[in-house]
Every structure is written in structure tokens, then in C-alpha cells.
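K.L.:
Provided herewith: entry.cif, mmCIF, C-alpha atoms and all ligand atoms.
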data_data
#
loop_
_atom_site.label_atom_id
_atom_site.label_comp_id
_atom_site.auth_asym_id
_atom_site.auth_seq_id
_atom_site.Cartn_x
_atom_site.Cartn_y
_atom_site.Cartn_z
CA MET A 1 18.85 74.28 -44.72
CA SER A 2 19.74 70.97 -46.31
CA ASP A 3 18.38 67.79 -44.86
CA THR A 4 21.86 66.65 -43.86
CA SER A 5 22.86 69.81 -42.08
CA ARG A 6 19.48 69.96 -40.41
CA ARG A 7 19.96 66.39 -39.21
CA LYS A 8 23.46 67.21 -37.95
CA LEU A 9 22.09 70.15 -36.09
CA ILE A 10 19.33 68.10 -34.50
CA THR A 11 21.67 65.25 -33.62
CA GLY A 12 24.30 67.50 -32.14
CA GLY A 13 21.68 69.60 -30.47
CA LEU A 14 19.93 66.67 -28.87
CA ALA A 15 23.12 65.10 -27.58
CA ALA A 16 24.62 68.33 -26.31
CA VAL A 17 21.45 69.54 -24.69
CA ALA A 18 20.78 66.19 -23.06
CA GLY A 19 24.27 66.24 -21.58
CA MET A 20 24.38 69.83 -20.48
CA THR A 21 20.99 70.86 -19.29
CA GLY A 22 18.94 67.76 -18.89
CA LEU A 23 16.42 65.71 -20.72
CA GLY A 24 13.57 68.19 -20.46
CA VAL A 25 15.20 70.61 -22.87
CA ALA A 26 16.05 67.77 -25.25
CA ALA A 27 12.42 66.75 -25.20
CA ARG A 28 11.40 70.30 -26.13
CA LEU A 29 13.91 70.27 -28.97
CA ALA A 30 12.51 66.95 -30.16
CA LYS A 31 9.06 68.48 -30.10
CA ARG A 32 10.19 71.43 -32.18
CA TYR A 33 11.26 69.03 -34.91
CA GLY A 34 8.10 66.96 -34.70
CA LEU A 35 9.84 63.91 -33.27
CA VAL A 36 7.31 63.28 -30.58
CA ALA A 37 5.71 59.89 -30.02
CA PRO A 38 1.90 59.96 -29.85
CA ASP A 39 1.95 58.73 -26.26
CA SER A 40 4.61 61.07 -24.94
CA GLY A 41 3.63 63.56 -22.29
CA GLY A 42 1.37 60.94 -20.80
CA ILE A 43 2.86 58.52 -18.36
CA PHE A 44 6.25 58.65 -20.07
CA GLY A 45 8.66 61.40 -19.34
CA PRO A 46 11.33 63.27 -21.26
CA GLY A 47 13.61 60.22 -21.42
CA GLU A 48 11.03 58.53 -23.59
CA ALA A 49 10.80 61.49 -25.93
CA LEU A 50 14.57 61.57 -26.23
CA ASN A 51 14.71 57.86 -26.97
CA TYR A 52 12.31 58.18 -29.92
CA ALA A 53 13.85 61.40 -31.23
CA THR A 54 17.39 60.04 -30.97
CA GLN A 55 16.44 56.81 -32.67
CA ARG A 56 14.84 58.68 -35.55
CA VAL A 57 17.66 61.14 -36.04
CA VAL A 58 20.66 58.92 -35.43
CA ALA A 59 19.59 55.38 -36.24
CA ARG A 60 16.63 55.64 -38.58
CA HIS A 61 18.24 53.45 -41.22
CA SER A 62 19.70 50.84 -38.88
CA LEU A 63 18.80 47.20 -39.49
CA ALA A 64 17.57 44.67 -36.98
CA ARG A 65 20.13 41.91 -36.60
CA GLU A 66 19.62 39.02 -39.00
CA PHE A 67 20.61 35.48 -38.05
CA SER A 68 21.66 32.41 -39.97
CA ARG A 69 19.35 29.54 -40.80
CA SER A 70 21.02 27.29 -38.20
CA GLN A 71 20.05 29.74 -35.46
CA ILE A 72 16.31 29.42 -36.06
CA SER A 73 14.63 28.33 -32.81
CA LYS A 74 12.95 24.95 -32.81
CA PRO A 75 10.10 24.90 -32.25
CA PRO A 76 9.13 28.57 -32.31
CA PHE A 77 7.18 29.76 -29.34
CA ALA A 78 3.74 31.18 -30.04
CA ASN A 79 2.23 33.55 -27.56
CA GLU A 80 -1.29 32.82 -26.44
CA ILE A 81 -4.01 34.22 -28.70
CA ALA A 82 -7.65 34.90 -28.00
CA GLU A 83 -10.22 32.37 -29.18
CA PRO A 84 -10.83 33.17 -32.87
CA SER A 85 -14.25 34.50 -33.86
CA ASP A 86 -16.73 32.51 -35.96
CA GLU A 87 -15.99 34.83 -38.87
CA TYR A 88 -12.28 34.04 -38.54
CA LYS A 89 -13.02 30.31 -38.44
CA ARG A 90 -15.12 30.63 -41.58
CA LEU A 91 -12.26 32.33 -43.40
CA GLN A 92 -9.82 29.74 -42.09
CA ALA A 93 -12.03 26.90 -43.34
CA GLY A 94 -11.80 28.44 -46.80
CA GLY A 95 -8.02 28.51 -46.69
CA PHE A 96 -8.18 32.31 -46.21
CA ALA A 97 -9.08 32.73 -49.90
CA ASP A 98 -11.66 35.33 -48.82
CA TRP A 99 -9.35 37.17 -46.40
CA ARG A 100 -8.99 40.79 -47.46
CA LEU A 101 -6.61 43.53 -46.42
CA THR A 102 -8.29 46.90 -46.89
CA ILE A 103 -6.00 49.89 -47.34
CA ASP A 104 -7.36 53.41 -47.15
CA GLY A 105 -6.65 56.86 -45.76
CA LEU A 106 -4.08 59.15 -47.36
CA VAL A 107 -3.52 57.01 -50.44
CA ASP A 108 -4.23 57.73 -54.11
CA HIS A 109 -5.61 54.25 -54.79
CA PRO A 110 -7.42 52.75 -51.80
CA GLY A 111 -8.23 49.09 -52.25
CA THR A 112 -8.65 45.62 -50.90
CA PHE A 113 -6.04 42.93 -51.37
CA SER A 114 -6.26 39.16 -51.13
CA VAL A 115 -3.41 37.16 -49.64
CA ALA A 116 -2.70 35.83 -53.16
CA GLN A 117 -2.33 39.39 -54.47
CA LEU A 118 0.08 40.28 -51.69
CA LYS A 119 2.06 37.12 -52.47
CA SER A 120 2.34 38.18 -56.11
CA TYR A 121 4.44 41.21 -55.11
CA PRO A 122 8.22 41.00 -54.58
CA SER A 123 8.83 39.16 -51.34
CA ARG A 124 11.42 39.69 -48.66
CA GLY A 125 12.44 37.30 -45.93
CA HIS A 126 14.54 37.78 -42.85
CA ILE A 127 15.68 35.63 -39.98
CA THR A 128 15.19 37.81 -36.94
CA GLU A 129 14.41 37.61 -33.29
CA ILE A 130 10.96 38.37 -31.97
CA ALA A 131 11.18 39.61 -28.43
CA CYS A 132 8.20 39.85 -26.11
CA GLU A 133 8.10 42.51 -23.42
CA GLU A 134 7.50 39.64 -20.98
CA GLY A 135 11.07 38.47 -21.42
CA TRP A 136 11.04 35.59 -23.89
CA SER A 137 12.25 35.64 -27.45
CA TYR A 138 12.98 33.31 -30.33
CA ILE A 139 14.45 33.43 -33.80
CA ALA A 140 12.42 32.65 -36.91
CA GLU A 141 12.38 33.34 -40.58
CA TRP A 142 9.60 35.65 -41.67
CA ASN A 143 8.44 36.07 -45.24
CA GLY A 144 6.17 38.68 -46.67
CA VAL A 145 5.90 41.75 -48.78
CA PRO A 146 7.68 44.88 -47.60
CA LEU A 147 5.07 47.33 -46.35
CA SER A 148 6.98 49.95 -48.32
CA HIS A 149 6.12 48.19 -51.58
CA VAL A 150 2.44 48.05 -50.72
CA LEU A 151 2.50 51.75 -49.80
CA ASP A 152 3.85 52.43 -53.29
CA VAL A 153 1.13 50.29 -54.88
CA VAL A 154 -1.61 52.29 -53.14
CA GLY A 155 0.20 55.59 -53.62
CA ALA A 156 0.72 56.77 -50.06
CA GLN A 157 0.59 60.55 -50.10
CA PRO A 158 3.56 62.70 -49.08
CA GLN A 159 1.83 64.21 -46.05
CA ALA A 160 1.35 60.73 -44.54
CA LYS A 161 2.92 60.41 -41.10
CA TYR A 162 1.70 57.07 -39.74
CA VAL A 163 0.42 53.72 -40.85
CA VAL A 164 -2.28 52.38 -38.55
CA TYR A 165 -2.74 48.61 -38.71
CA ILE A 166 -5.87 46.96 -37.47
CA SER A 167 -6.41 43.32 -36.54
CA MET A 168 -9.48 41.25 -37.06
CA GLU A 169 -9.16 40.57 -33.34
CA PRO A 170 -11.48 43.07 -31.67
CA ASN A 171 -9.93 46.21 -30.23
CA THR A 172 -6.45 45.33 -31.47
CA TRP A 173 -4.56 47.90 -33.49
CA ASP A 174 -1.25 49.72 -33.47
CA SER A 175 0.66 52.21 -35.59
CA ILE A 176 4.14 53.09 -36.78
CA ASP A 177 5.64 56.22 -38.24
CA MET A 178 6.64 56.40 -41.90
CA ASP A 179 10.32 55.69 -41.12
CA GLU A 180 9.34 52.34 -39.65
CA ALA A 181 6.70 51.74 -42.33
CA ARG A 182 9.23 52.37 -45.11
CA HIS A 183 12.00 50.42 -43.39
CA PRO A 184 13.14 47.50 -45.60
CA GLN A 185 12.66 44.90 -42.84
CA THR A 186 9.08 45.93 -42.06
CA LEU A 187 6.86 43.28 -43.61
CA ILE A 188 3.28 42.34 -44.08
CA ALA A 189 4.17 38.73 -43.29
CA TYR A 190 2.37 35.71 -44.70
CA GLY A 191 5.05 33.06 -44.20
CA MET A 192 7.20 31.70 -41.41
CA ASN A 193 10.03 29.14 -41.53
CA ASP A 194 9.24 28.09 -45.11
CA ASN A 195 5.55 27.56 -44.38
CA GLU A 196 2.35 29.52 -44.43
CA LEU A 197 2.10 31.74 -41.38
CA PRO A 198 0.49 29.52 -38.72
CA VAL A 199 -2.71 30.71 -37.08
CA ALA A 200 -1.01 30.87 -33.69
CA HIS A 201 1.49 33.32 -35.19
CA GLY A 202 -1.15 35.50 -36.80
CA GLY A 203 -2.00 33.85 -40.10
CA PRO A 204 -2.85 34.63 -42.74
CA LEU A 205 -1.35 38.13 -42.33
CA ARG A 206 0.52 39.88 -39.57
CA MET A 207 2.80 42.85 -39.27
CA ARG A 208 6.44 41.98 -38.68
CA ILE A 209 8.42 44.89 -37.32
CA PRO A 210 11.73 43.45 -36.15
CA ARG A 211 13.21 46.71 -34.80
CA GLN A 212 10.53 46.90 -32.14
CA LEU A 213 9.21 44.64 -29.39
CA GLY A 214 6.89 41.75 -30.27
CA TYR A 215 3.67 43.50 -29.38
CA LYS A 216 4.11 45.88 -32.34
CA SER A 217 3.92 42.83 -34.65
CA VAL A 218 0.14 42.62 -34.64
CA LYS A 219 -1.48 39.40 -35.89
CA PHE A 220 -4.51 38.86 -38.14
CA ILE A 221 -4.36 42.22 -39.85
CA ASN A 222 -7.14 43.07 -42.27
CA HIS A 223 -7.04 46.86 -42.44
CA LEU A 224 -4.34 49.50 -42.89
CA THR A 225 -5.02 53.21 -42.73
CA VAL A 226 -2.49 55.83 -43.73
CA THR A 227 -2.88 59.06 -41.78
CA ASP A 228 -1.26 62.34 -40.81
CA ASP A 229 -3.34 62.63 -37.64
CA ILE A 230 -2.84 59.80 -35.17
CA LYS A 231 -4.91 61.62 -32.56
CA LYS A 232 -8.05 60.61 -34.46
CA PHE A 233 -7.55 56.95 -33.56
CA GLY A 234 -8.79 55.52 -30.28
CA LYS A 235 -7.64 57.67 -27.39
CA GLY A 236 -5.01 59.31 -29.58
CA LEU A 237 -2.02 57.50 -28.11
CA GLY A 238 -1.14 55.56 -31.26
CA SER A 239 -2.20 52.08 -30.20
CA VAL A 240 -4.34 50.01 -27.91
CA ALA A 241 -1.13 48.94 -26.17
CA SER A 242 -0.23 52.57 -25.33
CA GLU A 243 -3.69 53.04 -23.91
CA SER A 244 -2.83 50.41 -21.32
CA GLY A 245 0.63 51.74 -20.50
CA TYR A 246 2.94 50.09 -23.04
CA LYS A 247 5.28 52.33 -24.95
CA TRP A 248 4.14 53.28 -28.45
CA PHE A 249 7.75 53.39 -29.59
CA ALA A 250 9.12 49.99 -28.58
CA GLY A 251 12.52 50.13 -30.28
CA ILE A 252 15.01 47.43 -29.35
N1 LIG B 1 -3.76 40.18 -32.81
C1 LIG B 1 -2.79 39.98 -31.89
N2 LIG B 1 -1.51 40.27 -32.24
C2 LIG B 1 -0.51 40.08 -31.36
C3 LIG B 1 -0.77 39.65 -30.04
C4 LIG B 1 -2.13 39.35 -29.70
O1 LIG B 1 -2.46 38.93 -28.59
N3 LIG B 1 -3.10 39.53 -30.66
N4 LIG B 1 0.27 39.51 -29.13
C5 LIG B 1 1.45 40.33 -29.41
C6 LIG B 1 2.59 40.05 -28.54
S1 LIG B 1 2.51 40.65 -26.96
C7 LIG B 1 3.73 39.41 -28.99
S2 LIG B 1 5.11 39.27 -28.02
C8 LIG B 1 3.77 38.82 -30.34
C9 LIG B 1 4.14 37.35 -30.25
O2 LIG B 1 4.21 36.77 -31.51
P1 LIG B 1 4.24 35.19 -31.66
O3 LIG B 1 3.07 34.61 -30.91
O4 LIG B 1 4.17 34.92 -33.13
O5 LIG B 1 5.52 34.71 -31.06
O6 LIG B 1 2.55 38.96 -31.06
C10 LIG B 1 1.90 40.22 -30.85
N5 LIG B 1 0.78 40.34 -31.75
MO MO B 2 4.47 40.30 -26.06
#
Take the structure from the file and write it as C-alpha cells.
Ligand SMILES: Nc1nc2c(c(=O)[nH]1)N[C@H]1C(S)=C(S)[C@@H](COP(=O)(O)O)O[C@H]1N2
Ligand SMILES: [Mo]

P.N.:
Amino acid sequence: MSDTSRRKLITGGLAAVAGMTGLGVAARLAKRYGLVAPDSGGIFGPGEALNYATQRVVARHSLAREFSRSQISKPPFANEIAEPSDEYKRLQAGGFADWRLTIDGLVDHPGTFSVAQLKSYPSRGHITEIACEEGWSYIAEWNGVPLSHVLDVVGAQPQAKYVVYISMEPNTWDSIDMDEARHPQTLIAYGMNDNELPVAHGGPLRMRIPRQLGYKSVKFINHLTVTDDIKKFGKGLGSVASESGYKWFAGI
């Protein structure tokens, strides 16, 4: 079956089944096609599974809304961060010249990248809203390298299903599926509002994933792992956040 007709079938199937016989069947259909979030079946019910499956089938190429320069919030709000470690302070004192992003897992060319190296790649910026699950949001311009480009540089392998991103902050990591990882607005961000990314906002490197809630945009990242088996990480729910009850798929 062609990809298009398969997608049509899934889309139609999901919608029809959800309408006619309830979400449970739709969730089973989603499972059959592998569209199941790592944390589903836990505290989240069939509605959650349907949300992720529907998003992936119907809206996988949709773009987060981009704003104009005049709409940038002044000043941007930074969420509270934990006290940085001594190691972080040492790196900060050196202007982050020694910061490294390690990339490994299902890639042909694992490696470590300096911030300068990442800045040498084609950059992308977008003016988007970052929305916290606690109810506040603001608009800022984010600059960085598309994660997709970096995945090409390291040669992400075709069987890859997730990118796990790990913060220098202890016990702080999350993951996204390859659709989100390859999405053109998904950035490894190093800049904000025409400046370096401030420490409060996750400098020198953070993930910026504007189609999902703020907590997916993890700060201080220094390690990416490409995997086809998310169950191997932590408790197998796809993120630290999911382990404490937040949704792994936080699409907005
Ligand atoms: N390492 C790290 N990343 C993090 C957080 C954090 O506490 N530590 N908070 C998250 C949450 S809950 C939100 S809403 C956003 C807020 O981003 P901002 O502070 O740049 O506005 O960062 C996310 N990334
Ligand atoms: Mo948040």
C-alpha cells in the first residue's frame, strides 16, 4: 500500500472509529500502526493515545504559529532554574568554549560538537510563543540550528524512532519522535532575541520545540541519543516529566 493511501486509511479509520465506537478502539488502531506515545497506557487513557495518533497522521507537517518582530514580549519571562553546578559555572566562566554536545546512539558518525561548530551550520530563527503548562506564555525569537540538520551531519539511521535529549542539570531529560525531531521549527537553540541564549533561558544550548508545551524545551543540553527503543531510558516513559505525570506528547 502506498504511504498516502495508508495514511488516508489510518486517518479515516481513526476518525470514523472514534465517532462510532469510542476512543478505546481508536487507541487500538493507533497501536496497530505504532502511533503510541511511550507513556500511554499509564495514567493516560485512550483519549491521549488518540490525540498523539491523530496529530501524527493528520497534522504532522503543521507549523507552530510565527509572530512578527513587534509582537516579541518585553522583557521575556524566564522560568526559575535550579542553582547551576560548579561544573556549569566553570564552563560559563570560560564563555562556554568548552561546552560540548555529545551525539550518539543510532548514528553513523557519533561525535561531540562545540557551540561554535553548531553555529557554523545553517541557522534558522523563528518568533514563536513558549507556553508553560502552568499557564503563562511569552513570545520570543529563537535562533539555532535545526535538529534535522544535525541529525544529517551525524547520519541518523533509518530505524531511529526517537531523539533523547539530556540536560547537564541532573535527572533532566526528555525525548521526541522523529517527526518532531525532523520538523523544520525544531531547533538546537543558541540564541534568543538577537543575543546569545541567556543562562536563565538555558544557555548555551537548549532544545526549542515550539509545537509542544514549554517543558519539552529542555535547557542546558549536552547530550543527544538517537534510539529505536525508548523503553531503555529511565522508567521507559520517554521523559523525566512523564515519570511525574506530565504528558510525554505535549502538543499545542
Ligand atoms: N533544564 C531545564 N530545562 C527546562 C526547565 C528546567 O527547569 N530545567 N523548565 C522547563 C519548563 S517547565 C518551561 S515552561 C520552559 C521555560 O522556558 P523559559 O524559562 O526560557 O521561559 O523551560 C523548560 N526547560
Ligand atoms: Mo513549564

K.L.:
Would you work out the distance separating atom CA of A:Glu129 from atom CA of A:Pro75, expressed in Å to one decimal?

P.N.:
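Computed distance, atom CA of A:Glu129 to atom CA of A:Pro75, equals 13.5 Å.
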
K.L.:
Need the shell around stretch 235-251 of chain A: protein/DNA/RNA residues with any atom at most 7 Å away, counting only C-alpha atoms. Skip same-chain ones fewer than 6 positions apart. Format as a list in words?

P.N.:
Ala37, Pro38, Asp39, Tyr52, Thr172, Trp173, Asp174, Ser175, Arg211, Gln212 and Leu213 of chain A

K.L.:
Give the residue list for ligand MO 2 (chain B) at 6 Å, counting only C-alpha atoms and all ligand atoms, as a PyMOL selection string, sorted by chain and then by residue number.

P.N.:
chain A and resi 132-134+214-215

K.L.:
Would you mind telling me which residue in A:Val58, A:Leu224, A:Ala131, A:Ala93 lies nearest to ligand LIG 1 (chain B) when using all atoms listed in the file?

P.N.:
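Ranking A:Val58, A:Leu224, A:Ala131, A:Ala93 by distance to ligand LIG 1 (chain B), first place goes to A:Ala131.
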
K.L.:
Could I get the residues of chain A with an atom no further than 10 Å from an atom of ligand LIG 1 (chain B), each paired with its nearest atom pair and that distance in Å to one decimal, using only C-alpha atoms and all ligand atoms, sorted by chain and residue number, as a tab-separated table?

P.N.:
residue	atom	partner	partner_atom	distance
A:Pro76	CA	B:LIG1	O5	7.2
A:Phe77	CA	B:LIG1	O5	5.5
A:Ala78	CA	B:LIG1	O3	3.6
A:Asn79	CA	B:LIG1	O3	3.6
A:Glu80	CA	B:LIG1	O3	6.5
A:Ile81	CA	B:LIG1	O1	5.0
A:Ala82	CA	B:LIG1	O1	6.6
A:Pro84	CA	B:LIG1	N1	10.0
A:Glu129	CA	B:LIG1	O5	9.6
A:Ile130	CA	B:LIG1	O5	6.6
A:Ala131	CA	B:LIG1	S2	6.1
A:Cys132	CA	B:LIG1	S2	3.7
A:Glu133	CA	B:LIG1	S2	6.4
A:Glu134	CA	B:LIG1	S2	7.4
A:Gly135	CA	B:LIG1	S2	8.9
A:Trp136	CA	B:LIG1	S2	8.1
A:Ser137	CA	B:LIG1	O5	7.7
A:Tyr138	CA	B:LIG1	O5	7.6
A:Ile139	CA	B:LIG1	O5	9.4
A:Ala140	CA	B:LIG1	O5	9.3
A:Ile166	CA	B:LIG1	N1	8.5
A:Ser167	CA	B:LIG1	N1	5.5
A:Met168	CA	B:LIG1	N1	7.2
A:Glu169	CA	B:LIG1	N1	5.4
A:Pro170	CA	B:LIG1	N1	8.3
A:Asn171	CA	B:LIG1	N1	9.0
A:Thr172	CA	B:LIG1	N1	6.0
A:Trp173	CA	B:LIG1	N1	7.8
A:Asp174	CA	B:LIG1	N2	9.5
A:Met192	CA	B:LIG1	O4	9.4
A:Leu197	CA	B:LIG1	O4	9.1
A:Pro198	CA	B:LIG1	O4	8.6
A:Val199	CA	B:LIG1	O4	9.0
A:Ala200	CA	B:LIG1	O3	6.2
A:His201	CA	B:LIG1	O4	3.7
A:Gly202	CA	B:LIG1	O4	6.5
A:Gly203	CA	B:LIG1	O4	9.4
A:Arg206	CA	B:LIG1	N2	7.6
A:Met207	CA	B:LIG1	N5	8.2
A:Arg208	CA	B:LIG1	O6	9.1
A:Leu213	CA	B:LIG1	S2	6.9
A:Gly214	CA	B:LIG1	S2	3.8
A:Tyr215	CA	B:LIG1	C6	3.7
A:Lys216	CA	B:LIG1	C10	6.3
A:Ser217	CA	B:LIG1	N5	4.9
A:Val218	CA	B:LIG1	N5	3.7
A:Lys219	CA	B:LIG1	N2	3.8
A:Phe220	CA	B:LIG1	N1	5.5
A:Ile221	CA	B:LIG1	N1	7.4
A:Ala241	CA	B:LIG1	S1	9.1

K.L.:
Please produce, as a tab-separated table, a per-residue contact table for stretch 186-216 of chain A versus stretch 145-154 of chain A (criterion: any atom at most 7 Å away, all atoms listed in the file considered), showing the nearest atom pair and its distance in Å to one decimal, sorted by chain then residue number.

P.N.:
residue	atom	partner	partner_atom	distance
A:Thr186	CA	A:Pro146	CA	5.8
A:Leu187	CA	A:Pro146	CA	4.4
A:Ile188	CA	A:Val145	CA	5.4
A:Ala189	CA	A:Val145	CA	6.5

K.L.:
Suppose you want the space between atom CA of A:Glu141 and atom CA of A:His183; what is it in Å?

P.N.:
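One can read the atom CA of A:Glu141 to atom CA of A:His183 distance as 17.3 Å.
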
K.L.:
Using all atoms listed in the file, which residues sit within 8 Å of A:Val163 once same-chain residues fewer than 6 positions away are excluded, as an mmCIF file with C-alpha atoms, in the frame of the given file?

P.N.:
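Saved the output as part_36.cif:
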data_model
loop_
_atom_site.group_PDB
_atom_site.id
_atom_site.type_symbol
_atom_site.label_atom_id
_atom_site.label_comp_id
_atom_site.auth_asym_id
_atom_site.auth_seq_id
_atom_site.Cartn_x
_atom_site.Cartn_y
_atom_site.Cartn_z
ATOM 1 C CA SER A 175 0.660 52.210 -35.590
ATOM 2 C CA ILE A 176 4.140 53.090 -36.780
ATOM 3 C CA ASP A 177 5.640 56.220 -38.240
ATOM 4 C CA MET A 178 6.640 56.400 -41.900
ATOM 5 C CA ALA A 181 6.700 51.740 -42.330
ATOM 6 C CA LEU A 224 -4.340 49.500 -42.890
ATOM 7 C CA THR A 225 -5.020 53.210 -42.730
ATOM 8 C CA VAL A 226 -2.490 55.830 -43.730
ATOM 9 C CA THR A 227 -2.880 59.060 -41.780
#

K.L.:
Measuring atom to atom with only C-alpha atoms, identify which of A:Ala64, A:Thr128, A:Tyr121, A:Tyr162 is nearest to A:Asp229.

P.N.:
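Residue with the minimum atom-to-atom distance to A:Asp229: A:Tyr162.
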
K.L.:
Separation of atom CA of A:Ala97 and atom CA of A:Ser114, in Å?

P.N.:
7.1 Å

K.L.:
Anything within 12 Å of (19.3, 55.2, -40.3): list those residues as number ranges by chain, counting only C-alpha atoms and sticking to the file's coordinates.

P.N.:
A: 7, 54-64, 179-180, 182-184, 211

K.L.:
Which is closest to A:Thr102 among A:Leu118, A:Trp142, A:Val36, A:Ser68, if we use all atoms listed in the file?

P.N.:
A:Leu118

K.L.:
Of the candidates A:Gln157, A:Tyr190, A:Ala116, A:Ser40, which shows the shortest atom-to-atom distance to A:Asp104, using only C-alpha atoms?

P.N.:
A:Gln157

K.L.:
Mind listing whatever residues come within 6 Å of the point (19.5, 33.3, -33.9)? Use all atoms listed in the file, file coordinates, and give them as JSON, numbers by chain.

P.N.:
{"A": [67, 71, 72, 139]}

K.L.:
Keeping only C-alpha atoms, write the selected residues as a compact mmCIF listing (two decimals), in the frame of the given file.

P.N.:
# COMPACT_ATOMS: atom_id res chain seq x y z
CA PHE A 67 20.61 35.48 -38.05
CA GLN A 71 20.05 29.74 -35.46
CA ILE A 72 16.31 29.42 -36.06
CA ILE A 139 14.45 33.43 -33.80
